[in-house]
Amino acid sequence: MKVGFLGATRGMGRSLSRLMAARGDDVFLLGRDLADLERSARDLEARSGKGPVGAAPCDLERPGGFAAALDAAEARLGGLDAVVVTAGDFARQDELEQDVERARRLLEVDFTNTVVFCEHARKRLLARGGGTLVVFSSVAGERGRKPVILYGAAKAGLSRYLEGLDHKFRAQGLRTVCVKPGFVKTSMTDGLRPPPFAGDPDVVARVVLRAIDRGQPVVYAPPIWRSVMLVIRLLPRFVMRRIGF
Ligand SMILES: NC(=O)c1ccc[n+]([C@@H]2O[C@H](COP(=O)([O-])OP(=O)(O)OC[C@H]3O[C@@H](n4cnc5c(N)ncnc54)[C@H](OP(=O)(O)O)[C@@H]3O)[C@@H](O)[C@H]2O)c1
């Protein structure tokens with residue numbers, strides 16, 4: 001599979017890109033720091049034993065560069081079968097409440113610009129008769145929750161967008177995979193107190209790769225979060241107002 005990958009330098013993206021490279025997928029890296037991308041590229045080459053892994057700059061804060069980044073991936077790989085987006089921004093709710101400009105940036109990166117990037121990817125995949133678009137959203141988008149009001153709102157919008165894509169374009173060959181991680185121990189969650197079901201990025205990557213191969217439209221990872229969120233979605237508002245979850 002020929003894969004354009006935004007966000008492979010750390011966390012769940014690093015784990016997933018390593019699995020893909022190790023099984024023989026051709027991965028092209030997109031990200032905001034060229035030195036980090038080069039390091040990740042060398043790491044993937046060592047794991048795949050194949051030729052050099054290409055990379056191009058792509059910053060989710062700069063939508064003007066999205067088309068060129070995907071063009072570079074297509075040119076290098078000779079087309080794209082899949083585009084994976086694990087890149088995303090996070091900040092604690094109290095920080096975002098105190099700094100409206102920071103909140104604006106997070107909303108822009110996690111919703112508007114991620115959707116714009118996906119629109120560029122969608123057009124390219126459909127032009128070749130279809131493919132797979134894999135995007136990391138979050139369980140945080142499933143209810144309005146006190147600790148993740150703004151981040152969760154952006155992810156809620158992202159999940160709805162991906163659901164709409166799946167409804168409209170699956171018949172034309174576009175397989176949309178919306179990944180909903182629960183709490184996973186990565187640099188994004190450094191310094192936060194892990195809940196009982198905290199996940200490991202390598203475990204998440206295995207679950208997500210299986211979902212990609214099956215073309216599953218929604219995947220919770222680790223899978224226990226499907227049951228956790230089933231309960232949370234059913235809780236009445238007066239309970240949600242009382243609990244800190
Ligand atoms: N960890 C969790 O508990 C959790 C839970 C639910 C959902 N998620 C979602 O899952 C995805 C992966 O999370 P993670 O925990 O693996 O994160 P992570 O370890 O913090 O890695 C984030 C990745 O996003 C990239 N990135 C951040 N801002 C970017 C920008 N403006 N432009 C381009 N790339 C950018 C980072 O690149 P650099 O190396 O350049 O910084 C890095 O590769 C995110 O969408 C996150 O919202 C995470």
# chains A, B, ... in the order shown; residues from 1 in each chain; ligands from 1
$ residues_around --residues "Asp36 (chain A)" --least-positions-apart "2" --cutoff "12 Å" --atoms "only C-alpha atoms" --output "list in words"
Gly7, Ala8, Thr9, Arg10, Arg14, Leu29, Leu30, Gly31, Arg32, Asp33, Leu34, Glu38, Arg39, Ser40, Ala41, Arg42, Asp43, Ala55, Ala56 and Pro57 of chain A
$ closest_atom_pairs --of "chain A" --to "ligand 1" --cutoff "6 Å" --atoms "only C-alpha atoms and all ligand atoms" --output "JSON lines"
{"residue": "A:Gly7", "atom": "CA", "partner": "ligand 1", "partner_atom_place_in_ligand_line": "43 (O)", "distance": 3.6}
{"residue": "A:Ala8", "atom": "CA", "partner": "ligand 1", "partner_atom_place_in_ligand_line": "43 (O)", "distance": 4.9}
{"residue": "A:Thr9", "atom": "CA", "partner": "ligand 1", "partner_atom_place_in_ligand_line": "43 (O)", "distance": 4.1}
{"residue": "A:Arg10", "atom": "CA", "partner": "ligand 1", "partner_atom_place_in_ligand_line": "43 (O)", "distance": 4.4}
{"residue": "A:Gly11", "atom": "CA", "partner": "ligand 1", "partner_atom_place_in_ligand_line": "19 (O)", "distance": 3.3}
{"residue": "A:Met12", "atom": "CA", "partner": "ligand 1", "partner_atom_place_in_ligand_line": "16 (O)", "distance": 3.8}
{"residue": "A:Gly13", "atom": "CA", "partner": "ligand 1", "partner_atom_place_in_ligand_line": "16 (O)", "distance": 5.6}
{"residue": "A:Gly31", "atom": "CA", "partner": "ligand 1", "partner_atom_place_in_ligand_line": "33 (C)", "distance": 4.7}
{"residue": "A:Arg32", "atom": "CA", "partner": "ligand 1", "partner_atom_place_in_ligand_line": "33 (C)", "distance": 4.8}
{"residue": "A:Asp33", "atom": "CA", "partner": "ligand 1", "partner_atom_place_in_ligand_line": "40 (O)", "distance": 5.3}
{"residue": "A:Cys58", "atom": "CA", "partner": "ligand 1", "partner_atom_place_in_ligand_line": "33 (C)", "distance": 5.9}
{"residue": "A:Asp59", "atom": "CA", "partner": "ligand 1", "partner_atom_place_in_ligand_line": "32 (N)", "distance": 3.6}
{"residue": "A:Leu60", "atom": "CA", "partner": "ligand 1", "partner_atom_place_in_ligand_line": "32 (N)", "distance": 3.8}
{"residue": "A:Glu61", "atom": "CA", "partner": "ligand 1", "partner_atom_place_in_ligand_line": "31 (N)", "distance": 4.9}
{"residue": "A:Thr86", "atom": "CA", "partner": "ligand 1", "partner_atom_place_in_ligand_line": "11 (C)", "distance": 4.5}
{"residue": "A:Ala87", "atom": "CA", "partner": "ligand 1", "partner_atom_place_in_ligand_line": "24 (O)", "distance": 3.1}
{"residue": "A:Gly88", "atom": "CA", "partner": "ligand 1", "partner_atom_place_in_ligand_line": "45 (O)", "distance": 3.8}
{"residue": "A:Asp89", "atom": "CA", "partner": "ligand 1", "partner_atom_place_in_ligand_line": "28 (N)", "distance": 5.2}
{"residue": "A:Phe136", "atom": "CA", "partner": "ligand 1", "partner_atom_place_in_ligand_line": "45 (O)", "distance": 4.8}
{"residue": "A:Ser137", "atom": "CA", "partner": "ligand 1", "partner_atom_place_in_ligand_line": "7 (C)", "distance": 5.6}
{"residue": "A:Ser138", "atom": "CA", "partner": "ligand 1", "partner_atom_place_in_ligand_line": "7 (C)", "distance": 4.0}
{"residue": "A:Pro181", "atom": "CA", "partner": "ligand 1", "partner_atom_place_in_ligand_line": "6 (C)", "distance": 4.3}
{"residue": "A:Gly182", "atom": "CA", "partner": "ligand 1", "partner_atom_place_in_ligand_line": "5 (C)", "distance": 4.8}
{"residue": "A:Phe183", "atom": "CA", "partner": "ligand 1", "partner_atom_place_in_ligand_line": "3 (O)", "distance": 3.5}
{"residue": "A:Val184", "atom": "CA", "partner": "ligand 1", "partner_atom_place_in_ligand_line": "3 (O)", "distance": 3.6}
{"residue": "A:Lys185", "atom": "CA", "partner": "ligand 1", "partner_atom_place_in_ligand_line": "1 (N)", "distance": 5.7}
{"residue": "A:Thr186", "atom": "CA", "partner": "ligand 1", "partner_atom_place_in_ligand_line": "19 (O)", "distance": 4.7}
{"residue": "A:Ser187", "atom": "CA", "partner": "ligand 1", "partner_atom_place_in_ligand_line": "19 (O)", "distance": 4.4}
{"residue": "A:Met188", "atom": "CA", "partner": "ligand 1", "partner_atom_place_in_ligand_line": "20 (O)", "distance": 3.7}
{"residue": "A:Thr189", "atom": "CA", "partner": "ligand 1", "partner_atom_place_in_ligand_line": "1 (N)", "distance": 5.4}
$ write_last_selection --atoms "N, CA and C atoms" --output "tab-separated table (two decimals), in the first residue's frame"
chain	number	residue	atom	x	y	z
A	7	GLY	N	2.07	12.97	10.66
A	7	GLY	CA	2.10	12.82	12.13
A	7	GLY	C	2.85	11.59	12.62
A	8	ALA	N	3.82	11.12	11.83
A	8	ALA	CA	4.52	9.87	12.20
A	8	ALA	C	5.71	10.10	13.13
A	9	THR	N	5.97	11.36	13.49
A	9	THR	CA	7.20	11.62	14.26
A	9	THR	C	7.09	11.20	15.72
A	10	ARG	N	5.86	11.11	16.24
A	10	ARG	CA	5.72	10.78	17.66
A	10	ARG	C	4.45	9.95	17.91
A	11	GLY	N	4.36	9.43	19.13
A	11	GLY	CA	3.12	8.86	19.64
A	11	GLY	C	2.54	7.73	18.80
A	12	MET	N	1.21	7.76	18.67
A	12	MET	CA	0.51	6.68	17.96
A	12	MET	C	0.88	6.67	16.48
A	13	GLY	N	1.16	7.84	15.90
A	13	GLY	CA	1.57	7.91	14.50
A	13	GLY	C	2.89	7.19	14.27
A	31	GLY	N	5.21	16.32	7.76
A	31	GLY	CA	5.27	16.86	9.11
A	31	GLY	C	5.89	18.24	9.11
A	32	ARG	N	5.93	18.85	10.30
A	32	ARG	CA	6.32	20.27	10.32
A	32	ARG	C	7.81	20.49	10.56
A	33	ASP	N	8.53	19.46	11.02
A	33	ASP	CA	9.95	19.65	11.35
A	33	ASP	C	10.79	18.69	10.49
A	58	CYS	N	4.86	19.73	5.99
A	58	CYS	CA	3.41	19.97	6.03
A	58	CYS	C	3.05	20.34	7.46
A	59	ASP	N	2.60	21.58	7.65
A	59	ASP	CA	2.27	22.06	9.00
A	59	ASP	C	0.77	22.32	9.04
A	60	LEU	N	0.08	21.71	9.99
A	60	LEU	CA	-1.38	21.87	10.07
A	60	LEU	C	-1.79	23.31	10.39
A	61	GLU	N	-0.82	24.15	10.75
A	61	GLU	CA	-1.15	25.57	10.95
A	61	GLU	C	-1.02	26.35	9.65
A	86	THR	N	-2.48	11.39	11.81
A	86	THR	CA	-2.46	11.23	13.27
A	86	THR	C	-2.08	12.55	13.94
A	87	ALA	N	-1.65	13.53	13.16
A	87	ALA	CA	-1.22	14.81	13.74
A	87	ALA	C	-2.39	15.50	14.41
A	88	GLY	N	-2.12	16.16	15.51
A	88	GLY	CA	-3.17	16.89	16.20
A	88	GLY	C	-2.58	17.71	17.34
A	89	ASP	N	-3.38	18.64	17.84
A	89	ASP	CA	-2.94	19.55	18.90
A	89	ASP	C	-3.77	19.25	20.15
A	136	PHE	N	-7.26	10.37	12.92
A	136	PHE	CA	-7.41	10.21	14.36
A	136	PHE	C	-8.27	11.33	14.93
A	137	SER	N	-9.47	10.96	15.36
A	137	SER	CA	-10.34	11.88	16.10
A	137	SER	C	-10.15	11.55	17.58
A	138	SER	N	-11.22	11.45	18.36
A	138	SER	CA	-11.05	11.12	19.79
A	138	SER	C	-12.39	10.77	20.42
A	181	PRO	N	-9.32	7.18	19.74
A	181	PRO	CA	-8.57	6.69	20.89
A	181	PRO	C	-9.19	7.20	22.19
A	182	GLY	N	-9.04	6.38	23.23
A	182	GLY	CA	-9.29	6.88	24.58
A	182	GLY	C	-7.98	7.48	25.06
A	183	PHE	N	-7.77	7.51	26.35
A	183	PHE	CA	-6.50	8.05	26.87
A	183	PHE	C	-5.36	7.09	26.51
A	184	VAL	N	-4.35	7.60	25.81
A	184	VAL	CA	-3.19	6.78	25.43
A	184	VAL	C	-1.93	7.51	25.90
A	185	LYS	N	-0.98	6.74	26.44
A	185	LYS	CA	0.23	7.35	27.00
A	185	LYS	C	1.20	7.74	25.89
A	186	THR	N	1.20	9.04	25.55
A	186	THR	CA	2.11	9.59	24.52
A	186	THR	C	2.59	10.95	25.02
A	187	SER	N	3.38	11.63	24.18
A	187	SER	CA	3.83	12.96	24.60
A	187	SER	C	2.64	13.91	24.78
A	188	MET	N	1.55	13.65	24.07
A	188	MET	CA	0.38	14.52	24.18
A	188	MET	C	-0.23	14.49	25.59
A	189	THR	N	-0.14	13.34	26.24
A	189	THR	CA	-0.78	13.20	27.55
A	189	THR	C	0.24	13.21	28.70
$ residues_around --residues "Arg122 (chain A)" --least-positions-apart "4" --cutoff "9 Å" --atoms "only C-alpha atoms" --output "list in words"
Val83, Phe117, Cys118, Leu126, Ala127, Gly130, Gly131, Thr132, Leu133, Leu165 and Leu174 of chain A
$ closest_atom_pairs --of "region 56-152 of chain A" --to "region 226-242 of chain A" --cutoff "8 Å" --atoms "only C-alpha atoms" --output "JSON lines"
{"residue": "A:Val139", "atom": "CA", "partner": "A:Met229", "partner_atom": "CA", "distance": 7.2}
{"residue": "A:Glu142", "atom": "CA", "partner": "A:Arg233", "partner_atom": "CA", "distance": 7.0}
{"residue": "A:Arg143", "atom": "CA", "partner": "A:Arg233", "partner_atom": "CA", "distance": 6.5}
{"residue": "A:Arg145", "atom": "CA", "partner": "A:Met240", "partner_atom": "CA", "distance": 7.5}
$ closest_residue --among "A:Asn113, A:Leu6, A:Phe28, A:Val135" --to "Ala75 (chain A)" --atoms "only C-alpha atoms"
A:Phe28
$ select_by_dssp --residues "region 24-90 of chain A" --states "strand (DSSP E)" --output "list of chain:residue names"
A:Asp26, A:Val27, A:Phe28, A:Leu29, A:Leu30, A:Gly31, A:Ala55, A:Ala56, A:Pro57, A:Ala82, A:Val83, A:Val84, A:Val85
$ write_last_selection --atoms "N, CA and C atoms" --output "CSV table (one decimal), in the first residue's frame"
chain,number,residue,atom,x,y,z
A,26,ASP,N,4.6,1.2,1.5
A,26,ASP,CA,5.5,2.3,1.1
A,26,ASP,C,5.0,3.6,1.7
A,27,VAL,N,5.7,4.1,2.7
A,27,VAL,CA,5.2,5.3,3.4
A,27,VAL,C,6.0,6.5,3.0
A,28,PHE,N,5.3,7.7,2.9
A,28,PHE,CA,5.9,9.0,2.6
A,28,PHE,C,5.5,9.9,3.8
A,29,LEU,N,6.5,10.5,4.4
A,29,LEU,CA,6.2,11.2,5.7
A,29,LEU,C,5.9,12.7,5.4
A,30,LEU,N,4.9,13.2,6.1
A,30,LEU,CA,4.6,14.6,6.1
A,30,LEU,C,4.6,15.1,7.5
A,31,GLY,N,5.2,16.3,7.8
A,31,GLY,CA,5.3,16.9,9.1
A,31,GLY,C,5.9,18.2,9.1
A,55,ALA,N,10.1,12.4,2.4
A,55,ALA,CA,9.4,13.2,3.3
A,55,ALA,C,9.3,14.6,2.8
A,56,ALA,N,8.2,15.3,3.2
A,56,ALA,CA,8.0,16.7,2.7
A,56,ALA,C,7.4,17.5,3.9
A,57,PRO,N,7.6,18.8,3.9
A,57,PRO,CA,7.0,19.6,5.0
A,57,PRO,C,5.5,19.8,4.8
A,82,ALA,N,-3.6,5.3,0.3
A,82,ALA,CA,-4.1,5.7,1.7
A,82,ALA,C,-3.4,7.0,2.1
A,83,VAL,N,-4.2,7.7,2.9
A,83,VAL,CA,-3.6,8.9,3.6
A,83,VAL,C,-4.0,8.7,5.1
A,84,VAL,N,-3.0,8.9,5.9
A,84,VAL,CA,-3.2,8.7,7.4
A,84,VAL,C,-2.9,10.1,8.1
A,85,VAL,N,-3.8,10.5,8.9
A,85,VAL,CA,-3.6,11.7,9.7
A,85,VAL,C,-3.7,11.4,11.2
$ residues_around --residues "Leu158 (chain A)" --least-positions-apart "6" --cutoff "8 Å" --atoms "only C-alpha atoms" --output "PDB file with N, CA and C atoms, in the first residue's frame"
ATOM      1  N   ASP A 110      -7.137  21.332  14.899  1.00  0.00           N
ATOM      2  CA  ASP A 110      -7.811  20.040  15.100  1.00  0.00           C
ATOM      3  C   ASP A 110      -9.103  19.895  14.305  1.00  0.00           C
ATOM      4  N   PHE A 111      -9.703  21.031  13.921  1.00  0.00           N
ATOM      5  CA  PHE A 111     -10.922  20.911  13.100  1.00  0.00           C
ATOM      6  C   PHE A 111     -10.708  21.484  11.691  1.00  0.00           C
ATOM      7  N   THR A 114      -7.504  20.376   9.702  1.00  0.00           N
ATOM      8  CA  THR A 114      -7.492  18.923   9.480  1.00  0.00           C
ATOM      9  C   THR A 114      -8.517  18.559   8.407  1.00  0.00           C
ATOM     10  N   VAL A 115      -9.696  19.188   8.469  1.00  0.00           N
ATOM     11  CA  VAL A 115     -10.722  18.916   7.451  1.00  0.00           C
ATOM     12  C   VAL A 115     -10.240  19.383   6.073  1.00  0.00           C
ATOM     13  N   SER A 137      -9.473  10.961  15.360  1.00  0.00           N
ATOM     14  CA  SER A 137     -10.338  11.877  16.102  1.00  0.00           C
ATOM     15  C   SER A 137     -10.147  11.550  17.583  1.00  0.00           C
TER      16      SER A 137
END
$ closest_atom_pairs --of "region 68-113 of chain A" --to "region 49-53 of chain A" --cutoff "12 Å" --atoms "only C-alpha atoms" --output "Markdown table"
| residue | atom | partner | partner_atom | distance |
| --- | --- | --- | --- | --- |
| A:Ala73 | CA | A:Val53 | CA | 10.5 |
| A:Arg76 | CA | A:Val53 | CA | 9.4 |
| A:Leu77 | CA | A:Val53 | CA | 9.7 |
$ write_last_selection --atoms "N, CA and C atoms" --output "PDB file, in the first residue's frame"
ATOM      1  N   ALA A  73       4.012  13.639  -2.111  1.00  0.00           N
ATOM      2  CA  ALA A  73       3.808  12.235  -1.734  1.00  0.00           C
ATOM      3  C   ALA A  73       3.380  11.413  -2.952  1.00  0.00           C
ATOM      4  N   ARG A  76       6.311  10.969  -5.471  1.00  0.00           N
ATOM      5  CA  ARG A  76       7.358  10.051  -5.011  1.00  0.00           C
ATOM      6  C   ARG A  76       6.887   8.596  -5.017  1.00  0.00           C
ATOM      7  N   LEU A  77       5.619   8.379  -4.586  1.00  0.00           N
ATOM      8  CA  LEU A  77       5.127   7.000  -4.468  1.00  0.00           C
ATOM      9  C   LEU A  77       4.496   6.488  -5.763  1.00  0.00           C
TER      10      LEU A  77
END
$ closest_residue --among "A:Arg62, A:Arg193, A:Lys2, A:Arg128" --to "Gly173 (chain A)" --atoms "only C-alpha atoms"
A:Arg128
$ residues_around --residues "Leu19 (chain A)" --least-positions-apart "6" --cutoff "9 Å" --atoms "only C-alpha atoms" --output "MDAnalysis selection string"
chainID A and resid 25 47 202 205:206 209
$ write_last_selection --atoms "C-alpha atoms" --output "short mmCIF file (atom, residue, chain, number, x, y, z; two decimals), in the first residue's frame"
data_model
loop_
_atom_site.label_atom_id
_atom_site.label_comp_id
_atom_site.auth_asym_id
_atom_site.auth_seq_id
_atom_site.Cartn_x
_atom_site.Cartn_y
_atom_site.Cartn_z
CA ASP A 25 3.85 -0.59 2.90
CA ARG A 47 12.51 -1.43 9.84
CA ASP A 202 1.86 0.15 20.07
CA ALA A 205 -1.43 0.87 16.32
CA ARG A 206 -2.16 -2.86 15.98
CA LEU A 209 -3.99 -1.37 11.33
#
$ select_by_dssp --residues "region 96-161 of chain A" --states "alpha helix (DSSP H)" --output "ChimeraX atom specification"
/A:96-98,100-107,114-127,149-161
$ closest_residue --among "A:Leu80, A:Ile212, A:Ile149, A:Ile224" --to "Arg124 (chain A)" --atoms "only C-alpha atoms"
A:Leu80
$ closest_residue --among "A:Ala72, A:Val179, A:Leu16, A:Ala103" --to "Ala140 (chain A)" --atoms "only C-alpha atoms"
A:Val179
$ decode --residues "region 38-57 of chain A" --atoms "N, CA and C atoms" --output "PDB file, in the first residue's frame"
ATOM      1  N   GLU A  38      13.310  13.524   8.918  1.00  0.00           N
ATOM      2  CA  GLU A  38      14.458  12.751   8.412  1.00  0.00           C
ATOM      3  C   GLU A  38      14.807  11.626   9.387  1.00  0.00           C
ATOM      4  N   ARG A  39      14.789  11.946  10.688  1.00  0.00           N
ATOM      5  CA  ARG A  39      15.073  10.908  11.703  1.00  0.00           C
ATOM      6  C   ARG A  39      14.048   9.777  11.594  1.00  0.00           C
ATOM      7  N   SER A  40      12.780  10.142  11.471  1.00  0.00           N
ATOM      8  CA  SER A  40      11.719   9.122  11.371  1.00  0.00           C
ATOM      9  C   SER A  40      11.884   8.308  10.085  1.00  0.00           C
ATOM     10  N   ALA A  41      12.275   8.996   9.002  1.00  0.00           N
ATOM     11  CA  ALA A  41      12.454   8.293   7.721  1.00  0.00           C
ATOM     12  C   ALA A  41      13.546   7.233   7.845  1.00  0.00           C
ATOM     13  N   ARG A  42      14.687   7.600   8.484  1.00  0.00           N
ATOM     14  CA  ARG A  42      15.794   6.631   8.635  1.00  0.00           C
ATOM     15  C   ARG A  42      15.329   5.448   9.487  1.00  0.00           C
ATOM     16  N   ASP A  43      14.548   5.739  10.523  1.00  0.00           N
ATOM     17  CA  ASP A  43      14.033   4.681  11.409  1.00  0.00           C
ATOM     18  C   ASP A  43      13.142   3.714  10.610  1.00  0.00           C
ATOM     19  N   LEU A  44      12.269   4.259   9.755  1.00  0.00           N
ATOM     20  CA  LEU A  44      11.370   3.390   8.971  1.00  0.00           C
ATOM     21  C   LEU A  44      12.150   2.581   7.939  1.00  0.00           C
ATOM     22  N   GLU A  45      13.181   3.194   7.361  1.00  0.00           N
ATOM     23  CA  GLU A  45      14.007   2.450   6.383  1.00  0.00           C
ATOM     24  C   GLU A  45      14.635   1.227   7.049  1.00  0.00           C
ATOM     25  N   ALA A  46      15.137   1.424   8.266  1.00  0.00           N
ATOM     26  CA  ALA A  46      15.791   0.310   8.981  1.00  0.00           C
ATOM     27  C   ALA A  46      14.781  -0.805   9.268  1.00  0.00           C
ATOM     28  N   ARG A  47      13.521  -0.424   9.517  1.00  0.00           N
ATOM     29  CA  ARG A  47      12.513  -1.430   9.837  1.00  0.00           C
ATOM     30  C   ARG A  47      11.970  -2.132   8.600  1.00  0.00           C
ATOM     31  N   SER A  48      11.952  -1.423   7.456  1.00  0.00           N
ATOM     32  CA  SER A  48      11.341  -2.023   6.256  1.00  0.00           C
ATOM     33  C   SER A  48      12.367  -2.788   5.428  1.00  0.00           C
ATOM     34  N   GLY A  49      13.637  -2.357   5.508  1.00  0.00           N
ATOM     35  CA  GLY A  49      14.658  -2.974   4.663  1.00  0.00           C
ATOM     36  C   GLY A  49      14.459  -2.644   3.197  1.00  0.00           C
ATOM     37  N   LYS A  50      13.570  -1.671   2.894  1.00  0.00           N
ATOM     38  CA  LYS A  50      13.344  -1.285   1.495  1.00  0.00           C
ATOM     39  C   LYS A  50      14.115  -0.003   1.192  1.00  0.00           C
ATOM     40  N   GLY A  51      13.826   0.610   0.062  1.00  0.00           N
ATOM     41  CA  GLY A  51      14.545   1.820  -0.361  1.00  0.00           C
ATOM     42  C   GLY A  51      14.274   3.006   0.549  1.00  0.00           C
ATOM     43  N   PRO A  52      14.840   4.180   0.192  1.00  0.00           N
ATOM     44  CA  PRO A  52      14.711   5.360   1.040  1.00  0.00           C
ATOM     45  C   PRO A  52      13.256   5.809   1.217  1.00  0.00           C
ATOM     46  N   VAL A  53      12.938   6.275   2.422  1.00  0.00           N
ATOM     47  CA  VAL A  53      11.601   6.803   2.731  1.00  0.00           C
ATOM     48  C   VAL A  53      11.636   8.313   2.499  1.00  0.00           C
ATOM     49  N   GLY A  54      10.709   8.810   1.689  1.00  0.00           N
ATOM     50  CA  GLY A  54      10.671  10.241   1.368  1.00  0.00           C
ATOM     51  C   GLY A  54       9.898  11.032   2.400  1.00  0.00           C
ATOM     52  N   ALA A  55      10.120  12.369   2.390  1.00  0.00           N
ATOM     53  CA  ALA A  55       9.430  13.233   3.346  1.00  0.00           C
ATOM     54  C   ALA A  55       9.270  14.625   2.764  1.00  0.00           C
ATOM     55  N   ALA A  56       8.243  15.339   3.192  1.00  0.00           N
ATOM     56  CA  ALA A  56       8.034  16.720   2.749  1.00  0.00           C
ATOM     57  C   ALA A  56       7.383  17.503   3.883  1.00  0.00           C
ATOM     58  N   PRO A  57       7.625  18.826   3.910  1.00  0.00           N
ATOM     59  CA  PRO A  57       7.047  19.637   4.991  1.00  0.00           C
ATOM     60  C   PRO A  57       5.542  19.806   4.847  1.00  0.00           C
TER      61      PRO A  57
END
